[in-house]
$ cat input.tsv   # TSV, C-alpha atoms and all ligand atoms
chain	number	residue	atom	x	y	z
L	21	MET	CA	94.37	97.40	120.75
L	22	ALA	CA	97.80	99.05	120.75
L	23	THR	CA	101.11	97.19	120.88
L	24	LYS	CA	104.68	98.09	121.77
L	25	GLY	CA	107.66	95.79	122.26
L	26	GLY	CA	105.67	92.72	123.29
L	27	VAL	CA	103.20	94.74	125.36
L	28	ILE	CA	99.59	94.99	124.21
L	29	THR	CA	96.87	97.23	125.54
L	30	ARG	CA	93.21	96.32	125.56
L	31	GLU	CA	89.95	97.12	127.31
L	32	PHE	CA	89.88	96.60	131.09
L	33	VAL	CA	87.24	93.96	131.81
L	34	VAL	CA	85.95	92.87	135.21
L	35	SER	CA	88.05	89.70	135.20
L	36	ASP	CA	91.16	91.92	135.20
L	37	TYR	CA	90.25	93.20	138.67
L	38	ASP	CA	92.58	90.95	140.71
L	39	GLY	CA	95.54	91.69	138.46
L	40	ALA	CA	94.83	95.41	138.61
L	41	ILE	CA	94.54	95.44	142.40
L	42	ALA	CA	97.78	93.48	142.72
L	43	LEU	CA	99.51	96.01	140.48
L	44	TRP	CA	98.10	99.05	142.31
L	45	ASN	CA	99.07	97.54	145.66
L	46	GLY	CA	102.63	97.10	144.45
L	47	VAL	CA	103.28	100.67	143.30
L	48	GLU	CA	103.81	104.03	144.95
L	49	GLY	CA	101.54	106.86	143.90
L	50	VAL	CA	98.21	105.01	143.66
L	51	GLU	CA	95.96	104.82	146.69
L	52	ILE	CA	93.23	102.17	146.77
L	53	CYS	CA	90.19	104.03	148.08
L	54	GLU	CA	86.38	104.36	147.97
L	55	GLY	CA	85.14	103.17	144.59
L	56	ASP	CA	87.78	100.46	144.22
L	57	SER	CA	85.94	97.37	145.42
L	58	ARG	CA	85.29	94.67	142.83
L	59	GLU	CA	81.57	95.57	142.68
L	60	GLU	CA	82.29	99.29	142.34
L	61	ILE	CA	84.86	98.79	139.61
L	62	ALA	CA	82.45	96.46	137.78
L	63	GLU	CA	79.80	99.21	137.91
L	64	TYR	CA	82.33	101.84	136.84
L	65	LEU	CA	83.34	99.75	133.81
L	66	LYS	CA	79.68	99.20	132.91
L	67	LYS	CA	78.92	102.92	133.07
L	68	ASN	CA	82.03	103.82	131.05
L	69	PRO	CA	82.36	101.08	128.46
L	70	ARG	CA	85.63	100.63	126.60
L	71	LEU	CA	87.44	103.59	128.19
L	72	SER	CA	89.54	101.87	130.86
L	73	ARG	CA	92.59	99.94	129.69
L	74	VAL	CA	95.11	97.35	130.74
L	75	ALA	CA	98.53	96.54	129.33
L	76	GLU	CA	99.52	92.88	129.12
L	77	ALA	CA	102.92	91.28	128.65
L	78	ASP	CA	104.30	87.84	129.38
L	79	GLY	CA	100.80	86.64	130.24
L	80	LYS	CA	100.17	89.15	133.01
L	81	ILE	CA	98.82	92.63	133.58
L	82	VAL	CA	101.68	95.13	133.64
L	83	GLY	CA	99.74	98.38	133.35
L	84	VAL	CA	96.32	99.78	134.17
L	85	ALA	CA	94.36	102.99	133.63
L	86	LEU	CA	90.82	103.75	134.73
L	87	CYS	CA	89.05	106.22	132.47
L	88	SER	CA	85.60	107.75	132.54
L	89	HIS	CA	83.72	110.97	131.92
L	90	ASP	CA	80.87	112.91	133.45
L	91	GLY	CA	79.54	114.23	130.15
L	92	ARG	CA	81.69	117.36	130.42
L	93	ARG	CA	85.22	116.32	131.43
L	94	GLY	CA	87.16	113.12	131.06
L	95	TRP	CA	88.80	111.64	134.17
L	96	ILE	CA	91.75	109.27	134.35
L	97	TYR	CA	92.52	107.45	137.58
L	98	HIS	CA	95.00	104.94	138.92
L	99	LEU	CA	97.37	104.93	135.95
L	100	ALA	CA	100.15	102.54	136.92
L	101	VAL	CA	102.83	100.46	135.23
L	102	ALA	CA	104.66	97.60	136.93
L	103	PRO	CA	108.19	98.71	137.89
L	104	ALA	CA	109.86	96.13	135.63
L	105	TYR	CA	108.03	97.55	132.59
L	106	ARG	CA	108.57	101.26	133.19
L	107	ARG	CA	110.23	103.68	130.80
L	108	ARG	CA	109.16	101.51	127.86
L	109	LYS	CA	106.27	103.80	126.88
L	110	VAL	CA	103.64	101.54	128.42
L	111	GLY	CA	102.22	104.43	130.45
L	112	LYS	CA	102.16	106.58	127.35
L	113	LEU	CA	100.38	103.84	125.40
L	114	LEU	CA	97.68	103.47	128.07
L	115	LEU	CA	97.28	107.23	128.33
L	116	GLY	CA	97.03	107.53	124.54
L	117	ASP	CA	94.27	104.91	124.48
L	118	CYS	CA	92.34	106.76	127.20
L	119	VAL	CA	92.68	110.13	125.49
L	120	GLN	CA	91.63	108.66	122.15
L	121	GLY	CA	88.59	107.01	123.73
L	122	LEU	CA	87.53	110.31	125.30
L	123	ARG	CA	88.08	112.22	122.06
L	124	THR	CA	85.98	109.71	120.17
L	125	LEU	CA	83.12	110.47	122.55
L	126	GLY	CA	83.49	114.19	121.88
L	127	LEU	CA	85.13	115.18	125.16
L	128	LYS	CA	87.31	118.27	124.90
L	129	ARG	CA	89.20	118.24	128.20
L	130	ALA	CA	90.29	115.73	130.82
L	131	ILE	CA	91.39	116.09	134.43
L	132	ILE	CA	93.66	114.00	136.63
L	133	LEU	CA	94.65	114.34	140.26
L	134	VAL	CA	98.26	113.72	141.26
L	135	ALA	CA	99.20	113.36	144.92
L	136	GLY	CA	101.37	116.21	146.13
L	137	ASP	CA	103.98	113.70	147.33
L	138	ASN	CA	104.31	112.03	143.92
L	139	PRO	CA	106.80	114.22	142.04
L	140	ALA	CA	107.71	111.38	139.62
L	141	GLY	CA	104.05	110.91	138.69
L	142	HIS	CA	103.72	114.67	138.24
L	143	GLN	CA	106.73	114.70	135.91
L	144	PHE	CA	105.19	111.93	133.82
L	145	TRP	CA	102.03	113.99	133.25
L	146	LEU	CA	103.98	117.17	132.47
L	147	ARG	CA	106.12	115.22	130.03
L	148	ASN	CA	103.01	113.97	128.29
L	149	GLY	CA	101.49	117.37	127.65
L	150	TRP	CA	99.39	117.88	130.78
L	151	GLU	CA	99.52	121.12	132.71
L	152	ASP	CA	98.90	122.17	136.29
L	153	ILE	CA	95.56	123.89	136.86
L	154	GLY	CA	96.84	127.31	137.91
L	155	GLY	CA	94.94	128.90	140.75
L	156	ALA	CA	92.80	125.84	141.44
L	157	ILE	CA	92.67	123.99	144.74
L	158	ALA	CA	91.47	120.39	144.55
L	159	MET	CA	88.77	119.76	147.15
L	160	THR	CA	86.65	116.78	148.18
L	161	ARG	CA	84.19	115.50	150.77
L	162	GLU	CA	82.83	112.17	151.78
L	163	LEU	CA	79.24	111.59	150.58
L	201	LIG	C1	103.95	107.23	136.04
L	201	LIG	C2	104.05	105.89	135.33
L	201	LIG	C3	102.64	105.38	135.01
L	201	LIG	C4	104.85	106.08	134.03
L	201	LIG	O1	104.81	104.86	133.30
L	201	LIG	P1	105.95	104.49	132.23
L	201	LIG	O2	105.44	103.38	131.41
L	201	LIG	O3	107.24	104.29	132.93
L	201	LIG	O4	106.07	105.82	131.38
L	201	LIG	P2	106.48	105.90	129.82
L	201	LIG	O5	107.63	105.00	129.54
L	201	LIG	O6	105.25	105.69	129.00
L	201	LIG	O7	106.95	107.42	129.71
L	201	LIG	C5	106.31	108.34	128.83
L	201	LIG	C6	107.06	109.65	128.92
L	201	LIG	O8	107.04	110.10	130.27
L	201	LIG	C7	108.39	110.24	130.75
L	201	LIG	N1	108.44	109.76	132.14
L	201	LIG	C8	108.01	108.58	132.62
L	201	LIG	N2	108.25	108.50	133.95
L	201	LIG	C9	108.87	109.66	134.27
L	201	LIG	C10	109.38	110.18	135.50
L	201	LIG	N3	109.34	109.48	136.63
L	201	LIG	N4	109.94	111.42	135.49
L	201	LIG	C11	110.02	112.13	134.33
L	201	LIG	N5	109.55	111.69	133.14
L	201	LIG	C12	108.97	110.47	133.12
L	201	LIG	C13	109.23	109.36	129.87
L	201	LIG	O9	110.57	109.82	129.83
L	201	LIG	C14	108.54	109.52	128.54
L	201	LIG	O10	108.89	110.76	127.96
L	201	LIG	P3	109.11	110.89	126.36
L	201	LIG	O11	107.88	110.28	125.70
L	201	LIG	O12	109.22	112.36	126.14
L	201	LIG	O13	110.33	110.11	126.05
L	201	LIG	C15	104.81	104.85	136.20
L	201	LIG	O14	106.03	105.39	136.60
L	201	LIG	C16	104.05	104.42	137.45
L	201	LIG	O15	103.28	103.47	137.42
L	201	LIG	N6	104.28	105.14	138.56
L	201	LIG	C17	103.63	104.76	139.83
L	201	LIG	C18	102.16	105.10	139.82
L	201	LIG	C19	101.92	106.57	139.58
L	201	LIG	O16	102.56	107.43	140.14
L	201	LIG	N7	100.93	106.83	138.72
L	201	LIG	C20	100.51	108.18	138.42
L	201	LIG	C21	99.42	108.51	139.38
L	201	LIG	S1	98.90	110.18	139.15
$ encode --input "input.tsv" --output "C-alpha cells"
Amino acid sequence: MATKGGVITREFVVSDYDGAIALWNGVEGVEICEGDSREEIAEYLKKNPRLSRVAEADGKIVGVALCSHDGRRGWIYHLAVAPAYRRRKVGKLLLGDCVQGLRTLGLKRAIILVAGDNPAGHQFWLRNGWEDIGGAIAMTREL
C-alpha cells in the first residue's frame, strides 16, 4: 500500500469494479471496450494477481490502473484519476505501484497505448519517463 495526502493505493479487487467503471465513464481518454465486463475483469485480476491498483480517498475510488503481463512485456491499461484528485501525484503513485509489481516479477519492459487524440494523457506518460516507440505502428484485430 502506498499513501499520499490522504490518498491510499491498494490492490484492485473484483468488488472495486463498479467504482472503477464509474470513474472510467467519467473521464476523457479511457474507452470502455472488449475485456471490460465484470466477468472479464474478474478473470483478468485472477490471471494477474496483485498487479492492478486502485487509489482511495474520502471513502471512494479516485484512481484506477489495470496492470498485467504476457510473460515478456508488462501492460498497463485504463489508468485514470478522478478530475478532483488530479495533479496530486495520484496517477504517479498508481503507476509506481504497477511498475514495481512488474519489476518484482522480473519484467524488463512495459507497454501502454495512448489514444492519438489524448495529448494530455501522452504528456503524463512522457513526464513519467515513458517514450514513444519510434517507427512502430500500433495495430489490432478483432478475434
Ligand atoms: C493522466 C492522469 C492519469 C494523470 O493523473 P494525475 O494524478 O493528475 O497525475 P500526477 O499528479 O500523478 O502527475 C504526475 C506527473 O505527471 C505530470 N502530469 C500530469 N498530468 C499532466 C498533463 N495533463 N500534462 C502534462 N503533465 C502532466 C505532473 O505534472 C507530474 O509531473 P512531475 O512528477 O514531474 O511533477 C489523469 O489526468 C487522468 O485520469 N486523465 C484522464 C484519463 C487518461 O487520459 N488516462 C491515460 C490513458 S493513456
$ closest_residue --input "input.tsv" --among "L:Ala156, L:Met21, L:Leu125, L:Leu65" --to "Ser35 (chain L)" --atoms "all atoms listed in the file"
L:Leu65
$ closest_atom_pairs --input "input.tsv" --of "chain L" --to "ligand LIG 201 (chain L)" --cutoff "10 Å" --atoms "all atoms listed in the file" --output "Markdown table"
| residue | atom | partner | partner_atom | distance |
| --- | --- | --- | --- | --- |
| L:Leu43 | CA | L:LIG201 | O15 | 8.9 |
| L:Trp44 | CA | L:LIG201 | C18 | 7.7 |
| L:Gly46 | CA | L:LIG201 | C17 | 9.0 |
| L:Val47 | CA | L:LIG201 | C17 | 5.4 |
| L:Glu48 | CA | L:LIG201 | C17 | 5.2 |
| L:Gly49 | CA | L:LIG201 | O16 | 3.9 |
| L:Val50 | CA | L:LIG201 | C18 | 5.5 |
| L:Glu51 | CA | L:LIG201 | C21 | 8.9 |
| L:Ala75 | CA | L:LIG201 | O2 | 9.9 |
| L:Val82 | CA | L:LIG201 | O15 | 9.3 |
| L:Gly83 | CA | L:LIG201 | O15 | 7.4 |
| L:Val84 | CA | L:LIG201 | C3 | 8.5 |
| L:Ala85 | CA | L:LIG201 | C3 | 8.7 |
| L:Ile96 | CA | L:LIG201 | S1 | 8.7 |
| L:Tyr97 | CA | L:LIG201 | S1 | 7.1 |
| L:His98 | CA | L:LIG201 | C21 | 5.7 |
| L:Leu99 | CA | L:LIG201 | N7 | 4.9 |
| L:Ala100 | CA | L:LIG201 | O15 | 3.3 |
| L:Val101 | CA | L:LIG201 | O15 | 3.7 |
| L:Ala102 | CA | L:LIG201 | O15 | 6.0 |
| L:Pro103 | CA | L:LIG201 | O15 | 6.9 |
| L:Ala104 | CA | L:LIG201 | O3 | 9.0 |
| L:Tyr105 | CA | L:LIG201 | O2 | 6.5 |
| L:Arg106 | CA | L:LIG201 | O3 | 3.3 |
| L:Arg107 | CA | L:LIG201 | O5 | 3.2 |
| L:Arg108 | CA | L:LIG201 | O5 | 4.2 |
| L:Lys109 | CA | L:LIG201 | O6 | 3.0 |
| L:Val110 | CA | L:LIG201 | O2 | 3.9 |
| L:Gly111 | CA | L:LIG201 | O2 | 3.5 |
| L:Lys112 | CA | L:LIG201 | O6 | 3.6 |
| L:Leu113 | CA | L:LIG201 | O6 | 6.3 |
| L:Leu114 | CA | L:LIG201 | O6 | 7.9 |
| L:Leu115 | CA | L:LIG201 | O6 | 8.1 |
| L:Gly116 | CA | L:LIG201 | O6 | 9.5 |
| L:Ile132 | CA | L:LIG201 | S1 | 7.0 |
| L:Leu133 | CA | L:LIG201 | S1 | 6.0 |
| L:Val134 | CA | L:LIG201 | S1 | 4.2 |
| L:Ala135 | CA | L:LIG201 | S1 | 6.6 |
| L:Gly136 | CA | L:LIG201 | S1 | 9.5 |
| L:Asp137 | CA | L:LIG201 | O16 | 9.6 |
| L:Asn138 | CA | L:LIG201 | O16 | 6.2 |
| L:Pro139 | CA | L:LIG201 | N3 | 7.6 |
| L:Ala140 | CA | L:LIG201 | N3 | 3.9 |
| L:Gly141 | CA | L:LIG201 | O16 | 4.1 |
| L:His142 | CA | L:LIG201 | S1 | 6.6 |
| L:Gln143 | CA | L:LIG201 | C11 | 4.5 |
| L:Phe144 | CA | L:LIG201 | C12 | 4.1 |
| L:Trp145 | CA | L:LIG201 | O8 | 7.0 |
| L:Leu146 | CA | L:LIG201 | N5 | 7.8 |
| L:Arg147 | CA | L:LIG201 | O8 | 5.2 |
| L:Asn148 | CA | L:LIG201 | O8 | 5.9 |
| L:Gly149 | CA | L:LIG201 | O12 | 9.3 |
$ atom_distance --input "input.tsv" --atom1 "CA of Trp150 (chain L)" --atom2 "CA of Ile61 (chain L)"
25.6 Å
$ residues_near_point --input "input.tsv" --point "(84.1, 115.5, 125.8)" --cutoff "10 Å" --atoms "only C-alpha atoms" --output "PyMOL selection string"
chain L and resi 89-94+121-130
$ atom_distance --input "input.tsv" --atom1 "CA of Asp56 (chain L)" --atom2 "CA of Tyr37 (chain L)"
9.5 Å
$ atom_distance --input "input.tsv" --atom1 "CA of Val119 (chain L)" --atom2 "CA of Leu71 (chain L)"
8.8 Å
$ residues_around --input "input.tsv" --residues "Ile81 (chain L)" --least-positions-apart "4" --cutoff "8 Å" --atoms "all atoms listed in the file" --output "list in words"
Asp36, Gly39, Ala40, Leu43, Val74, Ala75, Glu76 and Ala77 of chain L
$ write_last_selection --input "input.tsv" --atoms "C-alpha atoms" --output "PDB file, in the coordinates of the input"
ATOM      1  CA  ASP L  36      91.160  91.920 135.200  1.00  0.00           C
ATOM      2  CA  GLY L  39      95.540  91.690 138.460  1.00  0.00           C
ATOM      3  CA  ALA L  40      94.830  95.410 138.610  1.00  0.00           C
ATOM      4  CA  LEU L  43      99.510  96.010 140.480  1.00  0.00           C
ATOM      5  CA  VAL L  74      95.110  97.350 130.740  1.00  0.00           C
ATOM      6  CA  ALA L  75      98.530  96.540 129.330  1.00  0.00           C
ATOM      7  CA  GLU L  76      99.520  92.880 129.120  1.00  0.00           C
ATOM      8  CA  ALA L  77     102.920  91.280 128.650  1.00  0.00           C
TER       9      ALA L  77
END
$ axis_aligned_box --input "input.tsv" --around "region 139-157 of chain L" --padding-each-side "6 Å" --output "JSON"
{"center_x": 100.2, "center_y": 119.9, "center_z": 136.2, "size_x": 27.0, "size_y": 30.0, "size_z": 29.1}
$ closest_residue --input "input.tsv" --among "L:Asp78, L:Glu54, L:Asp152, L:Glu59" --to "Gly26 (chain L)" --atoms "only C-alpha atoms"
L:Asp78
$ build_atoms --input "input.tsv" --residues "region 45-70 of chain L" --atoms "N, CA, C and O atoms" --output "compact mmCIF listing (two decimals), in the coordinates of the input"
# COMPACT_ATOMS: atom_id res chain seq x y z
N ASN L 45 98.52 97.73 144.32
CA ASN L 45 99.07 97.54 145.66
C ASN L 45 100.59 97.53 145.66
O ASN L 45 101.21 97.78 146.69
N GLY L 46 101.17 97.24 144.50
CA GLY L 46 102.63 97.10 144.45
C GLY L 46 103.35 98.36 143.98
O GLY L 46 104.56 98.31 143.76
N VAL L 47 102.61 99.45 143.77
CA VAL L 47 103.28 100.67 143.30
C VAL L 47 103.06 101.83 144.26
O VAL L 47 102.08 101.87 144.98
N GLU L 48 103.99 102.76 144.24
CA GLU L 48 103.81 104.03 144.95
C GLU L 48 102.95 104.93 144.08
O GLU L 48 102.96 104.80 142.85
N GLY L 49 102.21 105.82 144.68
CA GLY L 49 101.54 106.86 143.90
C GLY L 49 100.10 106.55 143.54
O GLY L 49 99.42 107.39 142.96
N VAL L 50 99.62 105.35 143.87
CA VAL L 50 98.21 105.01 143.66
C VAL L 50 97.65 104.55 144.99
O VAL L 50 98.18 103.63 145.61
N GLU L 51 96.57 105.19 145.41
CA GLU L 51 95.96 104.82 146.69
C GLU L 51 94.63 104.13 146.43
O GLU L 51 93.73 104.69 145.79
N ILE L 52 94.50 102.89 146.89
CA ILE L 52 93.23 102.17 146.77
C ILE L 52 92.26 102.85 147.74
O ILE L 52 92.58 103.05 148.92
N CYS L 53 91.09 103.24 147.25
CA CYS L 53 90.19 104.03 148.08
C CYS L 53 88.73 103.72 147.76
O CYS L 53 88.45 102.73 147.08
N GLU L 54 87.80 104.57 148.27
CA GLU L 54 86.38 104.36 147.97
C GLU L 54 86.22 104.24 146.46
O GLU L 54 86.82 105.01 145.72
N GLY L 55 85.37 103.34 146.02
CA GLY L 55 85.14 103.17 144.59
C GLY L 55 85.97 102.05 143.99
O GLY L 55 85.80 101.73 142.81
N ASP L 56 86.86 101.45 144.79
CA ASP L 56 87.78 100.46 144.22
C ASP L 56 87.45 99.01 144.56
O ASP L 56 88.26 98.12 144.27
N SER L 57 86.29 98.77 145.18
CA SER L 57 85.94 97.37 145.42
C SER L 57 85.61 96.71 144.08
O SER L 57 85.36 97.40 143.09
N ARG L 58 85.58 95.40 144.07
CA ARG L 58 85.29 94.67 142.83
C ARG L 58 83.93 95.10 142.25
O ARG L 58 83.79 95.35 141.05
N GLU L 59 82.93 95.22 143.15
CA GLU L 59 81.57 95.57 142.68
C GLU L 59 81.57 96.99 142.12
O GLU L 59 80.94 97.27 141.10
N GLU L 60 82.26 97.89 142.80
CA GLU L 60 82.29 99.29 142.34
C GLU L 60 83.03 99.44 141.01
O GLU L 60 82.59 100.18 140.13
N ILE L 61 84.13 98.72 140.89
CA ILE L 61 84.86 98.79 139.61
C ILE L 61 84.02 98.17 138.50
O ILE L 61 83.97 98.68 137.37
N ALA L 62 83.31 97.09 138.79
CA ALA L 62 82.45 96.46 137.78
C ALA L 62 81.40 97.47 137.31
O ALA L 62 81.13 97.60 136.11
N GLU L 63 80.82 98.21 138.24
CA GLU L 63 79.80 99.21 137.91
C GLU L 63 80.42 100.36 137.11
O GLU L 63 79.84 100.85 136.14
N TYR L 64 81.60 100.76 137.53
CA TYR L 64 82.33 101.84 136.84
C TYR L 64 82.60 101.45 135.37
O TYR L 64 82.38 102.24 134.45
N LEU L 65 83.04 100.21 135.17
CA LEU L 65 83.34 99.75 133.81
C LEU L 65 82.07 99.68 132.97
O LEU L 65 82.08 99.99 131.78
N LYS L 66 80.96 99.29 133.63
CA LYS L 66 79.68 99.20 132.91
C LYS L 66 79.20 100.58 132.48
O LYS L 66 78.69 100.77 131.38
N LYS L 67 79.38 101.55 133.36
CA LYS L 67 78.92 102.92 133.07
C LYS L 67 79.82 103.63 132.06
O LYS L 67 79.41 104.62 131.46
N ASN L 68 81.05 103.16 131.94
CA ASN L 68 82.03 103.82 131.05
C ASN L 68 82.66 102.80 130.11
O ASN L 68 83.86 102.56 130.16
N PRO L 69 81.84 102.20 129.27
CA PRO L 69 82.36 101.08 128.46
C PRO L 69 83.53 101.48 127.58
O PRO L 69 83.55 102.57 127.01
N ARG L 70 84.48 100.56 127.52
CA ARG L 70 85.63 100.63 126.60
C ARG L 70 86.69 101.67 126.95
O ARG L 70 87.72 101.72 126.31
